[in-house]
file query_29.tsv (TSV, C-alpha atoms)
chain	number	residue	atom	x	y	z
A	1	MET	CA	61.35	167.26	44.77
A	2	ARG	CA	58.00	165.99	46.14
A	3	LYS	CA	57.87	163.41	43.35
A	4	ALA	CA	61.35	162.15	44.26
A	5	ILE	CA	60.38	161.79	47.95
A	6	THR	CA	57.23	159.88	46.99
A	7	VAL	CA	59.23	157.50	44.83
A	8	LEU	CA	61.75	156.90	47.64
A	9	CYS	CA	59.01	156.24	50.22
A	10	THR	CA	57.22	153.84	47.89
A	11	ALA	CA	60.45	151.98	47.23
A	12	ALA	CA	61.21	151.74	50.96
A	13	LEU	CA	57.76	150.30	51.70
A	14	THR	CA	58.15	147.79	48.89
A	15	LEU	CA	61.52	146.65	50.27
A	16	THR	CA	60.12	146.44	53.81
A	17	MET	CA	57.34	144.11	52.65
A	18	ALA	CA	59.60	142.07	50.37
A	19	TRP	CA	62.26	141.53	53.06
A	20	GLY	CA	59.69	140.75	55.75
A	21	LEU	CA	60.86	143.66	57.95
A	22	PRO	CA	58.53	144.83	60.75
A	23	GLN	CA	55.98	147.31	59.48
A	24	THR	CA	55.23	150.45	61.48
A	25	ALA	CA	51.94	151.12	63.23
A	26	ALA	CA	51.05	153.49	60.44
A	27	SER	CA	51.48	150.84	57.74
A	28	ALA	CA	48.63	149.00	56.02
A	29	LYS	CA	46.69	146.51	58.08
A	30	THR	CA	47.64	142.84	57.97
A	31	VAL	CA	45.17	139.97	57.72
A	32	MET	CA	45.41	136.95	60.02
A	33	LYS	CA	43.52	133.96	58.64
A	34	ILE	CA	42.84	131.30	61.30
A	35	GLY	CA	41.43	127.87	60.44
A	36	HIS	CA	40.17	124.93	62.48
A	37	SER	CA	38.12	121.78	61.97
A	38	MET	CA	35.29	122.25	64.49
A	39	PRO	CA	31.79	123.68	63.87
A	40	ALA	CA	31.04	127.30	64.72
A	41	ASP	CA	29.04	126.43	67.86
A	42	THR	CA	31.95	124.74	69.67
A	43	PHE	CA	34.46	125.95	72.28
A	44	ARG	CA	37.15	126.46	69.65
A	45	GLN	CA	35.22	128.98	67.55
A	46	LYS	CA	33.62	130.70	70.55
A	47	SER	CA	37.00	131.39	72.13
A	48	LEU	CA	38.55	132.41	68.81
A	49	VAL	CA	35.87	135.10	68.54
A	50	VAL	CA	37.19	136.47	71.85
A	51	PHE	CA	40.72	136.48	70.39
A	52	LYS	CA	39.50	138.32	67.30
A	53	GLU	CA	37.72	140.99	69.35
A	54	ILE	CA	40.73	141.63	71.60
A	55	VAL	CA	43.28	141.73	68.79
A	56	GLU	CA	41.32	144.00	66.49
A	57	LYS	CA	40.52	146.39	69.35
A	58	GLU	CA	44.00	146.50	70.92
A	59	THR	CA	45.84	146.83	67.59
A	60	GLU	CA	43.35	149.51	66.51
A	61	GLY	CA	42.65	147.53	63.35
A	62	ARG	CA	46.27	146.97	62.35
A	63	VAL	CA	45.58	143.21	62.51
A	64	GLU	CA	42.34	141.93	61.00
A	65	VAL	CA	41.45	138.43	62.20
A	66	GLN	CA	39.46	136.21	59.84
A	67	LEU	CA	38.05	132.94	61.24
A	68	TYR	CA	37.42	129.81	59.14
A	69	PRO	CA	35.72	127.01	61.13
A	70	SER	CA	34.51	123.59	59.96
A	71	GLY	CA	37.60	122.76	57.91
A	72	GLN	CA	37.02	125.54	55.37
A	73	LEU	CA	40.77	125.86	54.81
A	74	GLY	CA	41.31	122.10	54.43
A	75	THR	CA	41.91	119.08	56.62
A	76	GLU	CA	43.88	119.48	59.84
A	77	MET	CA	47.07	118.21	58.20
A	78	GLU	CA	46.54	120.47	55.19
A	79	THR	CA	45.98	123.51	57.40
A	80	LEU	CA	49.01	122.71	59.53
A	81	GLU	CA	51.15	122.56	56.39
A	82	ALA	CA	49.63	125.84	55.19
A	83	VAL	CA	50.69	127.51	58.44
A	84	LYS	CA	54.22	126.15	58.02
A	85	LEU	CA	54.33	127.58	54.50
A	86	GLY	CA	52.73	130.89	55.48
A	87	SER	CA	49.67	130.75	53.24
A	88	VAL	CA	47.55	130.57	56.43
A	89	GLU	CA	48.60	132.58	59.48
A	90	GLY	CA	46.95	130.63	62.32
A	91	PHE	CA	45.51	127.22	63.22
A	92	ARG	CA	43.84	125.75	66.33
A	93	SER	CA	44.09	122.01	66.92
A	94	GLY	CA	45.73	119.31	68.99
A	95	GLY	CA	49.41	118.46	69.14
A	96	PHE	CA	50.89	116.77	66.09
A	97	GLU	CA	54.12	114.85	65.68
A	98	GLU	CA	54.31	116.57	62.28
A	99	ALA	CA	54.60	119.91	64.10
A	100	ALA	CA	57.14	118.65	66.64
A	101	PRO	CA	57.60	115.15	68.12
A	102	LEU	CA	57.76	116.57	71.65
A	103	LEU	CA	54.10	117.66	71.48
A	104	GLU	CA	53.09	114.00	71.70
A	105	ILE	CA	54.25	113.99	75.30
A	106	TYR	CA	50.97	115.57	76.42
A	107	SER	CA	49.01	112.52	75.24
A	108	MET	CA	51.03	109.86	77.08
A	109	PRO	CA	48.72	107.55	79.07
A	110	PHE	CA	48.14	108.39	82.74
A	111	LEU	CA	50.77	111.15	82.65
A	112	PHE	CA	48.45	113.50	84.53
A	113	SER	CA	46.13	112.85	87.45
A	114	ASP	CA	44.02	116.03	87.43
A	115	MET	CA	43.32	119.16	85.43
A	116	GLU	CA	44.98	121.44	87.98
A	117	GLY	CA	48.29	119.67	87.38
A	118	ILE	CA	47.81	119.87	83.62
A	119	HIS	CA	47.28	123.63	83.74
A	120	LYS	CA	50.47	124.08	85.75
A	121	ILE	CA	52.23	122.74	82.66
A	122	THR	CA	50.21	124.21	79.78
A	123	ARG	CA	50.07	127.67	81.38
A	124	GLY	CA	53.57	127.64	82.85
A	125	PRO	CA	57.24	127.79	81.85
A	126	LEU	CA	57.49	124.08	81.04
A	127	GLY	CA	54.58	124.42	78.62
A	128	GLU	CA	56.37	127.34	76.96
A	129	GLU	CA	59.50	125.20	76.63
A	130	ILE	CA	57.49	122.43	74.96
A	131	ALA	CA	55.83	124.99	72.67
A	132	LYS	CA	59.21	126.22	71.41
A	133	SER	CA	59.83	122.81	69.86
A	134	VAL	CA	57.69	123.80	66.83
A	135	GLU	CA	59.86	126.79	65.89
A	136	PRO	CA	62.25	124.80	63.64
A	137	ALA	CA	59.15	123.90	61.59
A	138	GLY	CA	58.48	127.59	60.95
A	139	MET	CA	55.77	128.09	63.55
A	140	VAL	CA	55.19	129.48	67.03
A	141	ILE	CA	52.62	128.32	69.57
A	142	LEU	CA	51.08	131.38	71.22
A	143	ALA	CA	49.04	129.43	73.79
A	144	THR	CA	48.23	125.88	74.85
A	145	GLY	CA	44.91	124.78	76.34
A	146	ASP	CA	42.49	121.86	76.60
A	147	SER	CA	41.18	120.09	73.52
A	148	GLY	CA	38.87	118.25	75.89
A	149	LEU	CA	39.15	116.82	79.37
A	150	PHE	CA	40.32	113.27	80.07
A	151	ARG	CA	39.38	110.47	77.69
A	152	GLN	CA	37.19	107.68	79.08
A	153	ILE	CA	36.34	104.13	78.00
A	154	THR	CA	32.93	102.68	77.07
A	155	ASN	CA	31.93	99.19	75.94
A	156	ASN	CA	29.06	96.71	75.72
A	157	VAL	CA	30.69	93.62	77.23
A	158	ARG	CA	31.61	94.31	80.87
A	159	PRO	CA	32.63	96.99	83.36
A	160	ILE	CA	36.31	97.88	83.06
A	161	THR	CA	37.98	97.81	86.47
A	162	GLN	CA	41.39	96.28	85.65
A	163	PRO	CA	43.61	96.04	82.56
A	164	SER	CA	42.64	92.41	81.93
A	165	ASP	CA	39.01	93.49	81.42
A	166	LEU	CA	40.08	95.04	78.13
A	167	LYS	CA	41.76	91.89	76.86
A	168	GLY	CA	40.17	90.76	73.60
A	169	LEU	CA	37.70	93.65	73.39
A	170	LYS	CA	37.33	95.21	69.95
A	171	MET	CA	38.05	98.86	70.70
A	172	ARG	CA	37.50	101.58	68.11
A	173	THR	CA	40.24	104.23	68.26
A	174	PRO	CA	41.22	107.19	66.10
A	175	PRO	CA	44.42	106.75	64.04
A	176	MET	CA	46.57	108.32	66.77
A	177	SER	CA	49.59	106.25	67.70
A	178	THR	CA	49.57	107.01	71.45
A	179	ILE	CA	45.95	105.81	71.70
A	180	VAL	CA	46.52	102.73	69.55
A	181	LYS	CA	49.62	101.69	71.48
A	182	THR	CA	47.91	102.27	74.82
A	183	MET	CA	44.94	100.09	73.89
A	184	GLU	CA	47.27	97.39	72.57
A	185	ALA	CA	49.31	97.50	75.79
A	186	LEU	CA	46.07	96.92	77.72
A	187	GLY	CA	45.26	93.86	75.57
A	188	ALA	CA	42.49	95.30	73.40
A	189	ASN	CA	42.07	94.54	69.71
A	190	VAL	CA	42.16	97.92	67.96
A	191	VAL	CA	39.51	98.52	65.30
A	192	SER	CA	39.82	101.38	62.82
A	193	ILE	CA	36.48	103.06	62.12
A	194	PRO	CA	35.98	106.68	60.92
A	195	PHE	CA	34.66	108.86	63.72
A	196	ILE	CA	31.38	109.62	61.94
A	197	GLU	CA	30.76	105.88	61.46
A	198	THR	CA	31.57	104.87	65.04
A	199	TYR	CA	27.95	104.93	66.26
A	200	MET	CA	26.89	102.35	63.67
A	201	GLY	CA	30.03	100.31	64.28
A	202	LEU	CA	29.16	100.06	67.97
A	203	LYS	CA	25.51	99.35	67.27
A	204	THR	CA	26.26	96.49	64.86
A	205	GLY	CA	29.06	94.98	66.95
A	206	VAL	CA	31.90	95.78	64.58
A	207	ALA	CA	33.44	97.28	67.72
A	208	ASP	CA	32.69	96.41	71.35
A	209	GLY	CA	33.74	99.77	72.68
A	210	GLU	CA	35.43	103.10	72.14
A	211	GLU	CA	37.33	105.81	74.04
A	212	ASN	CA	36.54	109.52	74.01
A	213	PRO	CA	36.00	112.55	76.25
A	214	LEU	CA	32.51	112.74	77.75
A	215	THR	CA	31.63	115.59	75.39
A	216	ASN	CA	32.13	113.33	72.37
A	217	ILE	CA	30.27	110.44	73.99
A	218	VAL	CA	27.26	112.72	74.43
A	219	SER	CA	27.42	114.67	71.18
A	220	MET	CA	27.79	111.48	69.12
A	221	LYS	CA	25.13	109.70	71.22
A	222	PHE	CA	27.40	106.72	71.90
A	223	TYR	CA	25.48	106.25	75.17
A	224	GLU	CA	22.58	104.91	73.08
A	225	VAL	CA	24.67	101.96	71.88
A	226	GLN	CA	27.03	101.45	74.85
A	227	LYS	CA	26.18	100.04	78.27
A	228	TYR	CA	29.29	100.56	80.41
A	229	LEU	CA	31.29	103.74	81.04
A	230	THR	CA	34.54	103.65	83.00
A	231	LEU	CA	35.93	106.95	84.28
A	232	VAL	CA	39.51	105.90	83.77
A	233	ASN	CA	41.03	109.33	82.93
A	234	TYR	CA	43.66	107.61	80.85
A	235	GLN	CA	44.69	110.32	78.41
A	236	TYR	CA	44.63	114.10	77.97
A	237	HIS	CA	44.78	116.00	74.68
A	238	ALA	CA	46.26	119.48	74.53
A	239	GLU	CA	45.00	122.24	72.22
A	240	MET	CA	47.63	124.35	70.43
A	241	PHE	CA	47.34	127.72	68.73
A	242	TYR	CA	49.85	127.51	65.87
A	243	VAL	CA	50.95	130.68	64.07
A	244	ASN	CA	53.35	131.12	61.15
A	245	LYS	CA	56.66	132.27	62.64
A	246	ALA	CA	57.84	134.51	59.79
A	247	TRP	CA	54.51	136.35	59.72
A	248	PHE	CA	54.47	136.74	63.52
A	249	ASP	CA	58.09	137.92	63.69
A	250	GLY	CA	57.28	140.50	61.01
A	251	LEU	CA	54.78	142.24	63.27
A	252	ASP	CA	55.64	145.25	65.38
A	253	GLY	CA	56.80	144.27	68.88
A	254	LYS	CA	53.76	145.90	70.46
A	255	ASP	CA	51.42	143.89	68.24
A	256	ARG	CA	53.26	140.65	68.96
A	257	LYS	CA	52.64	141.19	72.67
A	258	ILE	CA	48.98	141.97	72.02
A	259	LEU	CA	48.59	138.71	70.12
A	260	ARG	CA	50.35	136.65	72.80
A	261	ASP	CA	48.25	138.16	75.58
A	262	ALA	CA	45.04	137.73	73.57
A	263	ALA	CA	45.93	134.09	72.83
A	264	LYS	CA	46.39	133.33	76.54
A	265	GLU	CA	43.07	135.00	77.37
A	266	MET	CA	41.42	133.04	74.55
A	267	MET	CA	42.66	129.73	75.95
A	268	LEU	CA	41.38	130.56	79.44
A	269	VAL	CA	37.95	131.15	77.93
A	270	SER	CA	38.26	127.97	75.87
A	271	ASP	CA	39.30	125.85	78.88
A	272	LYS	CA	36.38	127.19	80.91
A	273	ILE	CA	33.88	126.24	78.20
A	274	VAL	CA	35.41	122.75	77.88
A	275	ALA	CA	35.20	122.17	81.67
A	276	GLU	CA	31.59	123.36	81.82
A	277	ASP	CA	30.61	121.13	78.90
A	278	ASP	CA	32.30	118.10	80.50
A	279	ALA	CA	30.43	118.63	83.78
A	280	LYS	CA	27.11	118.93	81.95
A	281	CYS	CA	27.81	115.71	80.07
A	282	MET	CA	28.61	113.84	83.29
A	283	THR	CA	25.26	114.89	84.74
A	284	PHE	CA	23.48	113.91	81.52
A	285	LEU	CA	25.04	110.42	81.41
A	286	LYS	CA	24.30	109.42	85.01
A	287	ASP	CA	21.04	107.70	84.14
A	288	LYS	CA	22.04	106.68	80.61
A	289	MET	CA	24.89	104.24	81.32
A	290	GLU	CA	26.34	102.05	84.05
A	291	ILE	CA	29.21	104.22	85.30
A	292	ASN	CA	32.16	103.16	87.44
A	293	SER	CA	35.32	104.89	88.65
A	294	LEU	CA	38.66	103.32	89.54
A	295	THR	CA	40.04	102.96	93.05
A	296	SER	CA	43.63	104.12	93.62
A	297	GLU	CA	44.79	100.49	93.50
A	298	GLN	CA	42.94	99.82	90.25
A	299	HIS	CA	44.33	103.03	88.76
A	300	GLN	CA	47.89	102.00	89.63
A	301	ALA	CA	47.41	98.67	87.84
A	302	PHE	CA	46.59	100.55	84.64
A	303	VAL	CA	49.60	102.85	85.10
A	304	GLU	CA	51.92	99.87	85.36
A	305	ALA	CA	50.35	98.12	82.37
A	306	VAL	CA	51.07	101.02	79.99
A	307	GLN	CA	54.77	101.43	80.81
A	308	PRO	CA	55.77	99.79	77.48
A	309	VAL	CA	54.14	102.77	75.72
A	310	TYR	CA	56.57	105.14	77.44
A	311	GLU	CA	59.51	102.90	76.59
A	312	TYR	CA	58.51	102.89	72.92
A	313	TYR	CA	58.42	106.69	72.58
A	314	ILE	CA	61.55	107.26	74.63
A	315	ASP	CA	63.44	104.67	72.55
A	316	LYS	CA	62.11	106.40	69.42
A	317	GLY	CA	63.71	109.64	70.65
A	318	MET	CA	60.53	111.71	70.73
A	319	PHE	CA	61.20	112.79	74.31
A	320	THR	CA	63.24	111.74	77.32
A	321	GLN	CA	62.52	110.18	80.69
A	322	GLU	CA	63.94	113.38	82.17
A	323	MET	CA	61.18	115.42	80.50
A	324	ILE	CA	58.53	113.00	81.76
A	325	ASP	CA	59.91	113.34	85.30
A	326	ARG	CA	60.00	117.15	85.04
A	327	ILE	CA	56.36	117.25	83.92
A	328	ARG	CA	55.22	114.96	86.73
A	329	GLU	CA	57.16	116.95	89.32
A	330	ALA	CA	55.84	120.31	88.10
A	331	ALA	CA	52.25	119.03	87.88
A	332	ALA	CA	52.39	117.67	91.43
A	333	LYS	CA	53.61	120.92	93.05
call {"tool": "encode", "arguments": {"input": "query_29.tsv", "output": "structure tokens"}}
result
Amino acid sequence: MRKAITVLCTAALTLTMAWGLPQTAASAKTVMKIGHSMPADTFRQKSLVVFKEIVEKETEGRVEVQLYPSGQLGTEMETLEAVKLGSVEGFRSGGFEEAAPLLEIYSMPFLFSDMEGIHKITRGPLGEEIAKSVEPAGMVILATGDSGLFRQITNNVRPITQPSDLKGLKMRTPPMSTIVKTMEALGANVVSIPFIETYMGLKTGVADGEENPLTNIVSMKFYEVQKYLTLVNYQYHAEMFYVNKAWFDGLDGKDRKILRDAAKEMMLVSDKIVAEDDAKCMTFLKDKMEINSLTSEQHQAFVEAVQPVYEYYIDKGMFTQEMIDRIREAAAK
């Protein structure tokens, strides 16, 4: 009789795992592998350690979190695909059109005017609505935060105070379409240079300038080979925590809530580190470069100059003018 019961229990557990049914709290622990491209001493890894500690404690070890920084699980695109397929459970990075076209909305030029407005979106119901757009790709986004604060512009030719100042400048950009199209709309000549080679490209004149958050400008020492810094606040990049949907849905309801709550706490920690780093970099750069900010009138001239970028993405069907208006209204409240 005991042998028959053992056989039946074993068969039931096998079917539960094979069919992806939720396992009970008493079942074997599940491993959550999380990859990202940044080094272990950056905001991404530091905040993921907080996530790991909360999850493993609150689930009483039912979920074991394994962290893989520095691209150990592959490139960002490779890791994103692995999460879609379920061979990797989690991934921290920016928003990708390959995950969902709507995510690109966060990086539209001059969409946001301050970080407070941004957090009303990323931490609120509209951010959750945007996050749901990845579910058809087999993923869920448990939390959205800051991949860095606003991106700024540096160059060696002249101070940038109006869109025409960028006309003809050779600007190095990453291969991100919203950045490329924004620079082109402002009249710059876009130059493609790998990020790790940008310093030498600026030093030798292959590029006149570049655009990056202050943290990148400092960490890559671009200030050594750039004279002018304009605090233009032209673009924001969001940070997503992607998780495989089938794996997540297979967890017990209590554990799903633990993971969601831990992810939100993780992003608050991450955002705080990013803000502190940005402030430190601003202080560091004050005597390293000639820095200028835009007046409200100068800022408006840039906003008007990049309108063709919005038209392009709306015509492409990646998002609607209605969604843009909803974001601006919610951020301004």
call {"tool": "residues_around", "arguments": {"input": "query_29.tsv", "residues": "Gly209 (chain A)", "least_positions_apart": "4", "cutoff": "10 Å", "atoms": "all atoms listed in the file", "output": "PyMOL selection string"}}
result
chain A and resi 153-157+166+169-173+188+190-191+198+201-203+205+222+225-229
call {"tool": "closest_residue", "arguments": {"input": "query_29.tsv", "among": "A:Gly117, A:Pro194, A:Pro213, A:Pro174", "to": "Ala330 (chain A)", "atoms": "only C-alpha atoms"}}
result
A:Gly117
call {"tool": "closest_residue", "arguments": {"input": "query_29.tsv", "among": "A:Ser177, A:Ser296, A:Gln235, A:Gln152", "to": "Thr215 (chain A)", "atoms": "all atoms listed in the file"}}
result
A:Gln152
call {"tool": "closest_residue", "arguments": {"input": "query_29.tsv", "among": "A:Asp271, A:Glu239, A:Asp277, A:Glu97", "to": "Gly127 (chain A)", "atoms": "all atoms listed in the file"}}
result
A:Glu239
call {"tool": "axis_aligned_box", "arguments": {"input": "query_29.tsv", "around": "region 122-136 of chain A", "padding_each_side": "5 Å", "output": "lines of an AutoDock Vina configuration file"}}
result
center_x = 56.2
center_y = 125.1
center_z = 73.2
size_x = 22.2
size_y = 15.4
size_z = 29.2
call {"tool": "closest_atom_pairs", "arguments": {"input": "query_29.tsv", "of": "region 251-330 of chain A", "to": "region 109-112 of chain A", "cutoff": "8 Å", "atoms": "all atoms listed in the file", "output": "Markdown table"}}
result
| residue | atom | partner | partner_atom | distance |
| --- | --- | --- | --- | --- |
| A:Val303 | CA | A:Phe110 | CA | 6.2 |
| A:Val306 | CA | A:Pro109 | CA | 7.0 |
| A:Val309 | CA | A:Pro109 | CA | 8.0 |
| A:Arg328 | CA | A:Leu111 | CA | 7.1 |
call {"tool": "write_last_selection", "arguments": {"input": "query_29.tsv", "atoms": "C-alpha atoms", "output": "short mmCIF file (atom, residue, chain, number, x, y, z; two decimals), keeping the file's coordinate frame"}}
result
data_model
loop_
_atom_site.label_atom_id
_atom_site.label_comp_id
_atom_site.auth_asym_id
_atom_site.auth_seq_id
_atom_site.Cartn_x
_atom_site.Cartn_y
_atom_site.Cartn_z
CA VAL A 303 49.60 102.85 85.10
CA VAL A 306 51.07 101.02 79.99
CA VAL A 309 54.14 102.77 75.72
CA ARG A 328 55.22 114.96 86.73
#
call {"tool": "atom_distance", "arguments": {"input": "query_29.tsv", "atom1": "CA of Arg92 (chain A)", "atom2": "CA of Met220 (chain A)"}}
result
21.7 Å
call {"tool": "closest_atom_pairs", "arguments": {"input": "query_29.tsv", "of": "region 138-203 of chain A", "to": "region 241-244 of chain A", "cutoff": "7 Å", "atoms": "all atoms listed in the file", "output": "CSV"}}
result
residue,atom,partner,partner_atom,distance
A:Gly138,CA,A:Asn244,CA,6.2
A:Met139,CA,A:Asn244,CA,4.6
A:Val140,CA,A:Val243,CA,5.3
A:Ile141,CA,A:Tyr242,CA,4.7
A:Leu142,CA,A:Phe241,CA,5.8
A:Ala143,CA,A:Phe241,CA,5.6
A:Thr144,CA,A:Phe241,CA,6.5
call {"tool": "residues_around", "arguments": {"input": "query_29.tsv", "residues": "Lys264 (chain A)", "least_positions_apart": "3", "cutoff": "10 Å", "atoms": "all atoms listed in the file", "output": "MDAnalysis selection string"}}
result
chainID A and resid 51 123 142:145 241 259:261 267:270
